[in-house]
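J.: work.cif is reproduced in full below (mmCIF, C-alpha atoms).
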data_entry
loop_
_atom_site.group_PDB
_atom_site.id
_atom_site.type_symbol
_atom_site.label_atom_id
_atom_site.label_comp_id
_atom_site.auth_asym_id
_atom_site.auth_seq_id
_atom_site.Cartn_x
_atom_site.Cartn_y
_atom_site.Cartn_z
ATOM 1 C CA MET A 299 -1.291 12.360 14.732
ATOM 2 C CA LEU A 300 -5.017 11.877 15.292
ATOM 3 C CA GLY A 301 -6.102 13.205 11.916
ATOM 4 C CA PRO A 302 -9.757 14.219 11.627
ATOM 5 C CA TRP A 303 -10.505 12.578 15.003
ATOM 6 C CA ALA A 304 -8.397 15.236 16.741
ATOM 7 C CA ILE A 305 -11.631 16.967 17.796
ATOM 8 C CA ASN A 306 -12.022 14.315 20.504
ATOM 9 C CA GLY A 307 -8.315 13.985 21.257
ATOM 10 C CA CYS A 308 -5.923 15.588 23.729
ATOM 11 C CA ASP A 309 -2.720 17.143 22.429
ATOM 12 C CA GLU A 310 -0.839 16.189 25.576
ATOM 13 C CA ASP A 311 -1.509 12.484 24.885
ATOM 14 C CA CYS A 312 0.123 12.561 21.440
ATOM 15 C CA ILE A 313 3.747 11.719 20.727
ATOM 16 C CA SER A 314 4.619 13.678 17.602
ATOM 17 C CA ILE A 315 7.082 12.301 15.069
ATOM 18 C CA LEU A 316 9.587 14.945 16.146
ATOM 19 C CA GLU A 317 9.191 13.974 19.818
ATOM 20 C CA GLY A 318 9.531 10.283 18.997
ATOM 21 C CA MET A 319 12.700 10.873 17.006
ATOM 22 C CA LYS A 320 14.215 13.100 19.697
ATOM 23 C CA THR A 321 13.657 10.304 22.210
ATOM 24 C CA ASN A 322 15.097 7.547 20.043
ATOM 25 C CA PHE A 323 17.865 9.199 17.988
ATOM 26 C CA ASP A 324 21.216 10.097 19.552
ATOM 27 C CA TYR A 325 21.706 13.097 17.278
ATOM 28 C CA LEU A 326 18.947 15.037 15.583
ATOM 29 C CA THR A 327 18.634 18.456 13.976
ATOM 30 C CA TYR A 328 15.174 19.820 13.237
ATOM 31 C CA GLU A 329 14.246 22.738 11.036
ATOM 32 C CA ALA A 330 10.870 23.813 9.635
ATOM 33 C CA CYS A 331 11.759 24.296 5.973
ATOM 34 C CA ILE A 332 8.333 25.613 4.947
ATOM 35 C CA LYS A 333 6.988 28.935 6.182
ATOM 36 C CA ASP A 334 3.940 30.798 4.869
ATOM 37 C CA ASN A 335 3.508 28.053 2.235
ATOM 38 C CA LYS A 336 6.992 28.712 0.804
ATOM 39 C CA VAL A 337 10.135 26.583 0.869
ATOM 40 C CA ASN A 338 13.080 28.115 2.733
ATOM 41 C CA PHE A 339 15.908 27.009 0.435
ATOM 42 C CA ASP A 340 18.598 28.432 2.738
ATOM 43 C CA MET A 341 17.305 26.158 5.481
ATOM 44 C CA VAL A 342 17.321 23.197 3.072
ATOM 45 C CA THR A 343 21.009 23.849 2.379
ATOM 46 C CA LYS A 344 21.727 24.138 6.107
ATOM 47 C CA ILE A 345 19.987 20.871 6.880
ATOM 48 C CA ALA A 346 21.828 19.063 4.086
ATOM 49 C CA ASP A 347 25.206 20.392 5.249
ATOM 50 C CA GLU A 348 24.605 19.223 8.818
ATOM 51 C CA SER A 349 23.050 15.819 8.125
ATOM 52 C CA ASP A 350 24.039 12.339 6.993
ATOM 53 C CA PHE A 351 20.452 11.665 5.932
ATOM 54 C CA ILE A 352 17.207 13.605 5.972
ATOM 55 C CA VAL A 353 13.721 12.646 7.170
ATOM 56 C CA ALA A 354 10.991 14.816 5.643
ATOM 57 C CA VAL A 355 7.505 14.553 7.136
ATOM 58 C CA VAL A 356 4.869 15.545 4.563
ATOM 59 C CA GLY A 357 1.209 14.892 3.791
ATOM 60 C CA GLU A 358 -2.099 16.179 5.065
ATOM 61 C CA THR A 359 -3.019 18.175 8.134
ATOM 62 C CA LYS A 360 -6.040 17.064 10.124
ATOM 63 C CA GLU A 361 -8.255 19.560 8.259
ATOM 64 C CA MET A 362 -7.345 18.128 4.848
ATOM 65 C CA SER A 363 -8.974 14.700 5.129
ATOM 66 C CA GLY A 364 -11.835 12.940 6.834
ATOM 67 C CA GLU A 365 -15.506 13.854 6.953
ATOM 68 C CA ALA A 366 -16.512 16.903 4.882
ATOM 69 C CA ALA A 367 -12.954 17.287 3.558
ATOM 70 C CA SER A 368 -13.056 16.192 -0.078
ATOM 71 C CA ARG A 369 -10.206 17.336 -2.311
ATOM 72 C CA ALA A 370 -10.325 17.876 -6.075
ATOM 73 C CA ASP A 371 -6.556 17.324 -6.232
ATOM 74 C CA ILE A 372 -5.016 14.608 -4.040
ATOM 75 C CA SER A 373 -1.415 15.518 -4.819
ATOM 76 C CA LEU A 374 0.906 16.668 -2.082
ATOM 77 C CA PRO A 375 0.574 20.417 -1.478
ATOM 78 C CA ALA A 376 2.846 22.159 -3.988
ATOM 79 C CA GLU A 377 5.204 23.536 -1.335
ATOM 80 C CA GLN A 378 5.688 20.057 0.147
ATOM 81 C CA GLU A 379 6.618 18.467 -3.162
ATOM 82 C CA GLY A 380 8.824 21.495 -3.808
ATOM 83 C CA LEU A 381 10.578 20.801 -0.511
ATOM 84 C CA LEU A 382 11.146 17.151 -1.423
ATOM 85 C CA ARG A 383 12.536 18.171 -4.809
ATOM 86 C CA ALA A 384 14.926 20.616 -3.136
ATOM 87 C CA LEU A 385 16.063 18.017 -0.599
ATOM 88 C CA TYR A 386 16.552 15.469 -3.381
ATOM 89 C CA LYS A 387 18.817 17.882 -5.268
ATOM 90 C CA THR A 388 21.163 18.138 -2.266
ATOM 91 C CA GLY A 389 22.312 14.580 -2.938
ATOM 92 C CA LYS A 390 21.743 13.470 0.652
ATOM 93 C CA PRO A 391 19.626 10.339 1.262
ATOM 94 C CA VAL A 392 16.015 11.357 1.889
ATOM 95 C CA VAL A 393 13.275 9.424 3.683
ATOM 96 C CA ALA A 394 9.728 10.720 3.215
ATOM 97 C CA VAL A 395 7.247 10.003 6.004
ATOM 98 C CA LEU A 396 3.661 10.377 4.785
ATOM 99 C CA VAL A 397 1.003 11.515 7.238
ATOM 100 C CA ASN A 398 -2.328 11.383 5.428
ATOM 101 C CA GLY A 399 -5.883 10.171 5.610
ATOM 102 C CA ARG A 400 -6.314 9.007 2.017
ATOM 103 C CA PRO A 401 -4.254 7.697 -0.900
ATOM 104 C CA LEU A 402 -2.199 10.471 -2.471
ATOM 105 C CA SER A 403 -0.950 11.101 -5.987
ATOM 106 C CA ILE A 404 2.820 10.922 -5.461
ATOM 107 C CA SER A 405 4.268 9.686 -8.745
ATOM 108 C CA TRP A 406 7.337 11.987 -8.656
ATOM 109 C CA VAL A 407 8.010 11.132 -5.013
ATOM 110 C CA SER A 408 7.828 7.392 -5.655
ATOM 111 C CA GLU A 409 10.299 7.676 -8.542
ATOM 112 C CA HIS A 410 12.895 9.865 -6.800
ATOM 113 C CA ILE A 411 12.717 9.447 -3.014
ATOM 114 C CA PRO A 412 14.406 6.135 -2.156
ATOM 115 C CA ALA A 413 12.433 5.358 1.018
ATOM 116 C CA ILE A 414 8.820 6.203 1.859
ATOM 117 C CA LEU A 415 7.144 5.315 5.148
ATOM 118 C CA GLU A 416 3.348 5.497 5.168
ATOM 119 C CA ALA A 417 2.344 6.563 8.689
ATOM 120 C CA TRP A 418 -1.274 7.604 8.010
ATOM 121 C CA HIS A 419 -2.845 9.385 10.985
ATOM 122 C CA GLY A 420 -1.521 6.729 13.296
ATOM 123 C CA GLY A 421 -2.737 7.812 16.707
ATOM 124 C CA ILE A 422 -1.078 8.957 19.921
ATOM 125 C CA GLU A 423 2.017 6.704 19.671
ATOM 126 C CA THR A 424 2.805 7.524 16.034
ATOM 127 C CA GLY A 425 6.024 9.337 16.919
ATOM 128 C CA ASN A 426 7.588 6.413 18.763
ATOM 129 C CA ALA A 427 6.414 3.928 16.140
ATOM 130 C CA VAL A 428 7.901 5.931 13.258
ATOM 131 C CA ALA A 429 11.206 6.401 15.091
ATOM 132 C CA GLU A 430 11.532 2.689 15.882
ATOM 133 C CA ILE A 431 10.857 1.757 12.252
ATOM 134 C CA LEU A 432 13.362 4.310 10.919
ATOM 135 C CA LEU A 433 16.019 2.942 13.289
ATOM 136 C CA GLY A 434 15.299 -0.653 12.300
ATOM 137 C CA LEU A 435 14.177 -1.581 15.801
ATOM 138 C CA TYR A 436 10.923 -2.865 14.313
ATOM 139 C CA ASN A 437 10.492 -4.519 10.924
ATOM 140 C CA PRO A 438 7.338 -3.073 9.294
ATOM 141 C CA SER A 439 4.834 -5.502 7.815
ATOM 142 C CA GLY A 440 1.875 -3.351 6.754
ATOM 143 C CA LYS A 441 0.141 -3.733 3.388
ATOM 144 C CA LEU A 442 -1.937 -1.139 1.568
ATOM 145 C CA SER A 443 -5.706 -1.556 1.752
ATOM 146 C CA VAL A 444 -6.102 1.064 -0.982
ATOM 147 C CA THR A 445 -4.560 1.917 -4.360
ATOM 148 C CA PHE A 446 -2.286 4.932 -4.880
ATOM 149 C CA PRO A 447 -3.082 6.431 -8.321
ATOM 150 C CA GLN A 448 -0.631 7.925 -10.812
ATOM 151 C CA SER A 449 -2.704 11.108 -10.937
ATOM 152 C CA THR A 450 -5.857 12.611 -9.492
ATOM 153 C CA GLY A 451 -7.348 12.195 -12.954
ATOM 154 C CA ALA A 452 -6.991 8.423 -12.647
ATOM 155 C CA CYS A 453 -9.530 8.316 -9.804
ATOM 156 C CA PRO A 454 -11.493 6.281 -9.022
ATOM 157 C CA CYS A 455 -8.628 3.803 -8.881
ATOM 158 C CA TYR A 456 -9.277 0.414 -7.311
ATOM 159 C CA TYR A 457 -7.949 -3.097 -7.759
ATOM 160 C CA ASN A 458 -11.167 -5.114 -8.193
ATOM 161 C CA HIS A 459 -12.510 -3.387 -11.284
ATOM 162 C CA THR A 460 -14.455 -5.497 -13.744
ATOM 163 C CA SER A 461 -12.985 -7.025 -16.877
ATOM 164 C CA THR A 462 -13.162 -5.055 -20.099
ATOM 165 C CA GLY A 463 -13.154 -6.142 -23.712
ATOM 166 C CA ARG A 464 -10.199 -3.853 -24.361
ATOM 167 C CA PRO A 465 -7.750 -4.030 -21.442
ATOM 168 C CA GLY A 466 -4.958 -1.472 -21.446
ATOM 169 C CA GLY A 467 -2.113 -2.218 -23.831
ATOM 170 C CA LYS A 468 0.141 -0.735 -26.512
ATOM 171 C CA SER A 469 -2.663 -0.363 -29.030
ATOM 172 C CA LYS A 470 -4.351 3.051 -29.080
ATOM 173 C CA PHE A 471 -7.882 1.734 -28.732
ATOM 174 C CA THR A 472 -7.529 0.185 -25.283
ATOM 175 C CA SER A 473 -8.562 1.226 -21.781
ATOM 176 C CA LYS A 474 -5.742 3.506 -20.676
ATOM 177 C CA TYR A 475 -4.611 7.117 -20.370
ATOM 178 C CA LEU A 476 -2.391 8.769 -22.954
ATOM 179 C CA ASP A 477 -0.242 10.726 -20.504
ATOM 180 C CA ILE A 478 0.272 8.501 -17.439
ATOM 181 C CA PRO A 479 1.320 4.867 -16.949
ATOM 182 C CA LEU A 480 -1.355 2.210 -16.942
ATOM 183 C CA GLU A 481 -0.375 0.782 -13.552
ATOM 184 C CA PRO A 482 -0.917 2.730 -10.294
ATOM 185 C CA VAL A 483 1.982 4.053 -8.249
ATOM 186 C CA TYR A 484 1.295 1.487 -5.510
ATOM 187 C CA CYS A 485 -1.183 -1.335 -5.922
ATOM 188 C CA PHE A 486 -3.576 -2.796 -3.385
ATOM 189 C CA GLY A 487 -1.735 -5.069 -0.958
ATOM 190 C CA HIS A 488 1.680 -3.472 -1.583
ATOM 191 C CA GLY A 489 4.139 -3.038 1.253
ATOM 192 C CA PHE A 490 7.884 -3.491 1.766
ATOM 193 C CA SER A 491 9.774 -4.513 4.882
ATOM 194 C CA TYR A 492 13.428 -4.768 5.890
ATOM 195 C CA THR A 493 13.579 -8.358 4.707
ATOM 196 C CA THR A 494 12.515 -10.215 1.555
ATOM 197 C CA TYR A 495 10.213 -13.144 0.930
ATOM 198 C CA GLU A 496 10.027 -15.843 -1.716
ATOM 199 C CA TYR A 497 6.888 -17.765 -2.646
ATOM 200 C CA SER A 498 6.858 -21.308 -4.043
ATOM 201 C CA SER A 499 4.842 -24.508 -4.428
ATOM 202 C CA LEU A 500 1.366 -23.040 -4.856
ATOM 203 C CA LYS A 501 -1.323 -25.728 -4.775
ATOM 204 C CA ALA A 502 -5.098 -25.387 -4.976
ATOM 205 C CA GLU A 503 -8.081 -27.711 -5.301
ATOM 206 C CA ILE A 504 -11.808 -27.800 -4.713
ATOM 207 C CA SER A 505 -12.986 -30.644 -2.509
ATOM 208 C CA GLU A 506 -15.652 -31.198 0.133
ATOM 209 C CA ASN A 507 -17.365 -27.991 -0.984
ATOM 210 C CA GLN A 508 -14.268 -25.960 -0.121
ATOM 211 C CA LEU A 509 -11.480 -24.210 -1.996
ATOM 212 C CA LYS A 510 -8.244 -25.366 -0.385
ATOM 213 C CA ALA A 511 -4.942 -23.671 -1.209
ATOM 214 C CA SER A 512 -1.433 -23.771 0.185
ATOM 215 C CA ILE A 513 1.876 -22.050 -0.529
ATOM 216 C CA ILE A 514 5.416 -22.073 0.850
ATOM 217 C CA VAL A 515 6.763 -18.700 2.049
ATOM 218 C CA THR A 516 10.480 -18.283 2.757
ATOM 219 C CA ASN A 517 12.157 -15.368 4.517
ATOM 220 C CA THR A 518 15.169 -14.841 2.233
ATOM 221 C CA GLY A 519 16.432 -11.671 3.930
ATOM 222 C CA LYS A 520 18.553 -10.879 6.971
ATOM 223 C CA MET A 521 15.844 -9.943 9.496
ATOM 224 C CA ASP A 522 12.995 -11.749 11.176
ATOM 225 C CA GLY A 523 9.676 -10.491 9.863
ATOM 226 C CA GLU A 524 5.961 -10.931 9.335
ATOM 227 C CA GLU A 525 4.487 -11.342 5.868
ATOM 228 C CA THR A 526 0.816 -10.899 4.987
ATOM 229 C CA VAL A 527 0.001 -13.646 2.487
ATOM 230 C CA GLN A 528 -2.910 -12.729 0.223
ATOM 231 C CA LEU A 529 -5.232 -14.973 -1.797
ATOM 232 C CA TYR A 530 -7.173 -13.582 -4.770
ATOM 233 C CA ILE A 531 -9.531 -15.239 -7.229
ATOM 234 C CA GLN A 532 -10.878 -14.486 -10.690
ATOM 235 C CA ASP A 533 -14.069 -16.057 -11.986
ATOM 236 C CA VAL A 534 -12.973 -16.570 -15.592
ATOM 237 C CA VAL A 535 -16.404 -16.878 -17.253
ATOM 238 C CA ALA A 536 -19.724 -15.918 -15.645
ATOM 239 C CA LYS A 537 -23.237 -14.778 -16.543
ATOM 240 C CA ARG A 538 -22.272 -11.209 -15.667
ATOM 241 C CA VAL A 539 -18.885 -9.531 -15.827
ATOM 242 C CA ARG A 540 -16.693 -10.251 -12.818
ATOM 243 C CA PRO A 541 -13.738 -8.369 -11.271
ATOM 244 C CA VAL A 542 -10.253 -9.034 -12.599
ATOM 245 C CA ARG A 543 -9.318 -10.101 -9.064
ATOM 246 C CA GLU A 544 -11.063 -10.398 -5.714
ATOM 247 C CA LEU A 545 -9.321 -10.703 -2.359
ATOM 248 C CA LYS A 546 -10.818 -13.727 -0.612
ATOM 249 C CA ALA A 547 -8.434 -14.384 2.274
ATOM 250 C CA PHE A 548 -5.191 -13.316 3.892
ATOM 251 C CA LYS A 549 -2.969 -14.574 6.694
ATOM 252 C CA LYS A 550 0.025 -13.101 8.495
ATOM 253 C CA ALA A 551 2.994 -15.439 8.788
ATOM 254 C CA ALA A 552 5.826 -14.772 11.266
ATOM 255 C CA LEU A 553 9.115 -15.954 9.796
ATOM 256 C CA GLU A 554 12.614 -15.904 11.227
ATOM 257 C CA LYS A 555 15.384 -15.139 8.747
ATOM 258 C CA GLY A 556 15.971 -18.187 6.561
ATOM 259 C CA GLU A 557 12.776 -19.893 7.740
ATOM 260 C CA SER A 558 10.192 -21.419 5.409
ATOM 261 C CA LYS A 559 6.575 -21.963 6.351
ATOM 262 C CA LYS A 560 3.552 -23.496 4.666
ATOM 263 C CA VAL A 561 0.491 -21.237 4.692
ATOM 264 C CA ASP A 562 -2.916 -22.880 4.206
ATOM 265 C CA PHE A 563 -6.227 -21.364 3.156
ATOM 266 C CA THR A 564 -9.698 -22.924 3.320
ATOM 267 C CA ILE A 565 -12.543 -20.996 1.704
ATOM 268 C CA PRO A 566 -16.139 -22.226 1.461
ATOM 269 C CA VAL A 567 -17.242 -22.619 -2.155
ATOM 270 C CA ARG A 568 -20.203 -20.381 -1.384
ATOM 271 C CA GLU A 569 -17.791 -17.444 -1.135
ATOM 272 C CA LEU A 570 -16.928 -17.867 -4.818
ATOM 273 C CA GLY A 571 -20.387 -16.683 -5.840
ATOM 274 C CA TYR A 572 -22.000 -13.331 -6.609
ATOM 275 C CA TYR A 573 -25.379 -11.644 -7.023
ATOM 276 C CA ASP A 574 -26.828 -11.968 -10.515
ATOM 277 C CA ASN A 575 -28.940 -9.400 -12.382
ATOM 278 C CA ASN A 576 -32.005 -10.450 -10.378
ATOM 279 C CA MET A 577 -30.103 -9.934 -7.097
ATOM 280 C CA LYS A 578 -30.044 -13.664 -6.476
ATOM 281 C CA TYR A 579 -26.840 -15.023 -4.971
ATOM 282 C CA ILE A 580 -25.455 -17.774 -7.191
ATOM 283 C CA VAL A 581 -22.334 -19.929 -7.393
ATOM 284 C CA GLU A 582 -21.570 -20.972 -10.951
ATOM 285 C CA ALA A 583 -19.590 -23.932 -12.158
ATOM 286 C CA GLY A 584 -16.495 -23.185 -14.199
ATOM 287 C CA LYS A 585 -12.838 -22.202 -14.007
ATOM 288 C CA PHE A 586 -11.383 -19.958 -11.312
ATOM 289 C CA LYS A 587 -7.891 -18.508 -11.373
ATOM 290 C CA ILE A 588 -6.195 -18.529 -7.974
ATOM 291 C CA TYR A 589 -3.483 -16.006 -7.109
ATOM 292 C CA VAL A 590 -1.440 -16.121 -3.896
ATOM 293 C CA GLY A 591 1.403 -13.788 -2.967
ATOM 294 C CA GLY A 592 2.640 -10.748 -1.097
ATOM 295 C CA SER A 593 0.640 -8.160 -3.014
ATOM 296 C CA LEU A 594 -1.850 -7.852 -5.849
ATOM 297 C CA LYS A 595 0.919 -7.726 -8.467
ATOM 298 C CA GLU A 596 3.321 -10.264 -6.968
ATOM 299 C CA CYS A 597 1.490 -13.560 -6.929
ATOM 300 C CA LEU A 598 1.897 -17.130 -8.069
ATOM 301 C CA GLU A 599 -1.031 -18.365 -10.162
ATOM 302 C CA THR A 600 -2.887 -21.621 -10.628
ATOM 303 C CA GLU A 601 -6.371 -22.681 -11.742
ATOM 304 C CA VAL A 602 -9.171 -24.822 -10.363
ATOM 305 C CA GLU A 603 -12.517 -25.890 -11.788
ATOM 306 C CA LEU A 604 -15.786 -25.980 -9.918
ATOM 307 C CA LYS A 605 -18.092 -28.666 -11.288
#
Show me, as C-alpha cells, the structure contained in the file I just sent.

T.:
Amino acid sequence: MLGPWAINGCDEDCISILEGMKTNFDYLTYEACIKDNKVNFDMVTKIADESDFIVAVVGETKEMSGEAASRADISLPAEQEGLLRALYKTGKPVVAVLVNGRPLSISWVSEHIPAILEAWHGGIETGNAVAEILLGLYNPSGKLSVTFPQSTGACPCYYNHTSTGRPGGKSKFTSKYLDIPLEPVYCFGHGFSYTTYEYSSLKAEISENQLKASIIVTNTGKMDGEETVQLYIQDVVAKRVRPVRELKAFKKAALEKGESKKVDFTIPVRELGYYDNNMKYIVEAGKFKIYVGGSLKECLETEVELK
C-alpha cells in the first residue's frame, strides 16, 4: 500500500485491500489465483462458481516503481493480464483494482473489464478506501494527472505536446502510429464517478488584465458528488510553437443530485505568456481558445482575443 516508500513504513499500520474488504463486505471469498508467476485456472473456475462478481487486484509491487525502478515495458505483468483474461472468460462481472506507481499500458483491460478503480499506492488506509468505493459508500471524484498510453511504444505520452504541421489523421503522412489508435487509453484529467455531469453556458472574456471564465455544471445522475472542473487554453498563433492545450486552472465543485452550480475562474493575463527563444517571458496579443470541462477530451470551447 505504501509503494516505494515502504522502506520507511510499518506493515502493521497498513490496511490491505483484502483486510478492508473483509471488514466492509458481508460475504467475501479470497483466493490467490497466481502462484510462481502462473495463473491457477482451477482456482479461477472455483472463484467464478462461488461469486456474484469478482474483484481482481493487479498492478505493481513496491519494487516495480519509484526511484531506481525504470521499466522498459509498462504493461501489466503477463500473468496478471492472463488472470484478467481468464476471469473475463468466466462471464462473471469483473472489477480491476490497479495498484501502481506510474501510468500503465492497459489497452486490453480498458476494452474488456467493465470497471477499473485506480488505487495507486494509496497509503495505510487504502484498503478501507477501496472497499468503501466498491460498495458505493463513497462517490469517487479523482482525475488523472497523467496520461495512460495505448502501448509502451507510445511513450512519452503527455497531453500538452506542441502543435505539429501534420496532426494525426486518416492520411498516411500524419503524426500517428500504424498499429495503435491515435488517442491514449485514458487522457489527462479523465475520471469517472457514480454520477454524471453536464456542462453548459461557457462564457469567457479578457478584462481588467484578467481572463475571466464561467460555466454551469449540473449533476444529472442519482448520487451527490464532487466534480473537478478544468480550464485549458491554447495560444492559437505565437512566435514559437505552443502546446495544443495547457491546464491553467481547476476547481472542485460539490453538487447534490439534480443541482446546478456556476463555476468561475479568474486568471491573470500574465499567466497566458511563455518564454521566447531568448528566455524572455512574454505575453503576446492574439486569439486564445478556452476549453472548460470534466477532462481534457470533454470540454466546451470558446475563444477570446488579447489586444

J.: I'd like the neighbourhood of Ile478 (chain A) as a PyMOL selection string, where a residue qualifies if any of its atoms comes within 12 Å (using only C-alpha atoms), though same-chain residues fewer than 4 positions away should be ignored.

T.: chain A and resi 403+405-406+447-452+466+474+482-483

J.: Check the smallest atom-to-atom distance from each of A:Gly487, A:Pro412, A:Gly301, A:Gly556 to Arg400 (chain A) using all atoms listed in the file, then report the winner.

T.: A:Gly301

J.: Nearest residue to Tyr497 (chain A) out of A:Glu423, A:Glu599, A:Glu544, A:Glu365, using only C-alpha atoms?

T.: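 Of the candidates, the smallest distance to Tyr497 (chain A) is held by A:Glu599.
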
J.: Identify all residues satisfying the PyMOL selection byres ((chain A and resi 460) around 9) in the given file; provide them as an NGL selection string.

T.: :A and (458-459 or 461-462 or 539-543)

J.: What's around region 574-580 of chain A at 10 Å? Count all atoms listed in the file, leave out sequence neighbours fewer than 5 positions away in its own chain, and write the answer as a PDB file with C-alpha atoms, in the frame of the given file.

T.:
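Everything below was put into around-v1.pdb:
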ATOM      1  CA  ALA A 536     -19.724 -15.918 -15.645  1.00  0.00           C
ATOM      2  CA  LYS A 537     -23.237 -14.778 -16.543  1.00  0.00           C
ATOM      3  CA  ARG A 538     -22.272 -11.209 -15.667  1.00  0.00           C
ATOM      4  CA  VAL A 539     -18.885  -9.531 -15.827  1.00  0.00           C
ATOM      5  CA  ARG A 568     -20.203 -20.381  -1.384  1.00  0.00           C
ATOM      6  CA  GLU A 569     -17.791 -17.444  -1.135  1.00  0.00           C
TER       7      GLU A 569
END

J.: What is the distance, in Å and to one decimal place, between CA of Ile305 (chain A) and CA of Lys360 (chain A)?

T.: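 Those two atoms sit 9.5 Å apart.
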
J.: Using Å and a single decimal, report how far CA of Leu385 (chain A) sits from CA of Ile352 (chain A).

T.: 8.0 Å

J.: If I take CA of Met299 (chain A) and CA of His419 (chain A), how far is one from the other in Å, to one decimal?

T.: 5.0 Å

J.: Extract, using only C-alpha atoms, all DNA, RNA and protein residues at most 9 Å from Glu379 (chain A), discarding same-chain residues fewer than 3 positions from it, and format them as a list in words.

T.: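 Skipping anything fewer than 3 positions along the chain leaves Val356, Ser373, Leu374, Pro375, Ala376, Leu382, Arg383, Ala384, Ile404, Trp406 and Val407 of chain A.
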
J.: Just give me the residues with any atom within 12 Å of (22.7, 20.4, 5.6), file coordinates, counting only C-alpha atoms, written as a list in words.

T.: Leu326, Thr327, Tyr328, Glu329, Cys331, Phe339, Asp340, Met341, Val342, Thr343, Lys344, Ile345, Ala346, Asp347, Glu348, Ser349, Asp350, Phe351, Ile352, Val353, Ala384, Leu385, Tyr386, Lys387, Thr388, Gly389, Lys390, Pro391 and Val392 of chain A

J.: Report the residues retrieved by the PyMOL selection byres ((chain A and resi 514) around 6) from the displayed file, expressed as a PyMOL selection string.

T.: chain A and resi 497-499+513+515+559-560

J.: Tell me which residues the PyMOL selection byres ((chain A and resi 585) around 12) grabs here, as a list in words.

T.: Glu503, Ile504, Ile531, Gln532, Asp533, Val534, Val535, Ala536, Leu570, Val581, Glu582, Ala583, Gly584, Phe586, Lys587, Ile588, Thr600, Glu601, Val602, Glu603, Leu604 and Lys605 of chain A

J.: Counting all atoms listed in the file, which of A:Asn322, A:Ser439, A:Ser363, A:Asn338 gets nearest to Leu402 (chain A)?

T.: A:Ser363

J.: Determine, counting only C-alpha atoms, which protein, DNA and RNA residues have an atom within 9 Å of an atom of region 414-417 of chain A; residues of the same chain fewer than 5 positions away are not included. Present the result as a PDB file with C-alpha atoms, keeping the file's coordinate frame.

T.:
ATOM      1  CA  VAL A 392      16.015  11.357   1.889  1.00  0.00           C
ATOM      2  CA  VAL A 393      13.275   9.424   3.683  1.00  0.00           C
ATOM      3  CA  ALA A 394       9.728  10.720   3.215  1.00  0.00           C
ATOM      4  CA  VAL A 395       7.247  10.003   6.004  1.00  0.00           C
ATOM      5  CA  LEU A 396       3.661  10.377   4.785  1.00  0.00           C
ATOM      6  CA  VAL A 397       1.003  11.515   7.238  1.00  0.00           C
ATOM      7  CA  ASN A 398      -2.328  11.383   5.428  1.00  0.00           C
ATOM      8  CA  VAL A 407       8.010  11.132  -5.013  1.00  0.00           C
ATOM      9  CA  SER A 408       7.828   7.392  -5.655  1.00  0.00           C
ATOM     10  CA  THR A 424       2.805   7.524  16.034  1.00  0.00           C
ATOM     11  CA  ALA A 427       6.414   3.928  16.140  1.00  0.00           C
ATOM     12  CA  VAL A 428       7.901   5.931  13.258  1.00  0.00           C
ATOM     13  CA  ILE A 431      10.857   1.757  12.252  1.00  0.00           C
ATOM     14  CA  LEU A 432      13.362   4.310  10.919  1.00  0.00           C
TER      15      LEU A 432
END

J.: Give me, as a VMD selection string, all polymer residues having an atom no more than 12 Å from Ser558 (chain A), counting all atoms listed in the file and skipping those fewer than 3 positions away in the same chain.

T.: chain A and resid 495 to 499 513 to 519 522 to 525 551 to 555 561

J.: Just checking: using all atoms listed in the file, which residue out of A:Gly489, A:Gly592, A:Gly467, A:Pro566 ends up closest to Thr445 (chain A)?

T.: A:Gly489

J.: So, with only C-alpha atoms as the atoms that count, which of A:Leu300, A:Tyr457, A:Gly463, A:Asp334 lies closest to Trp418 (chain A)?

T.: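 That would be A:Leu300, the residue with the smallest distance to Trp418 (chain A).
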
J.: Would you mind telling me which residue in A:Leu529, A:Ala502, A:Thr493, A:Leu316 lies nearest to Leu594 (chain A) when using all atoms listed in the file?

T.: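 Among the listed residues, A:Leu529 lies closest to Leu594 (chain A).
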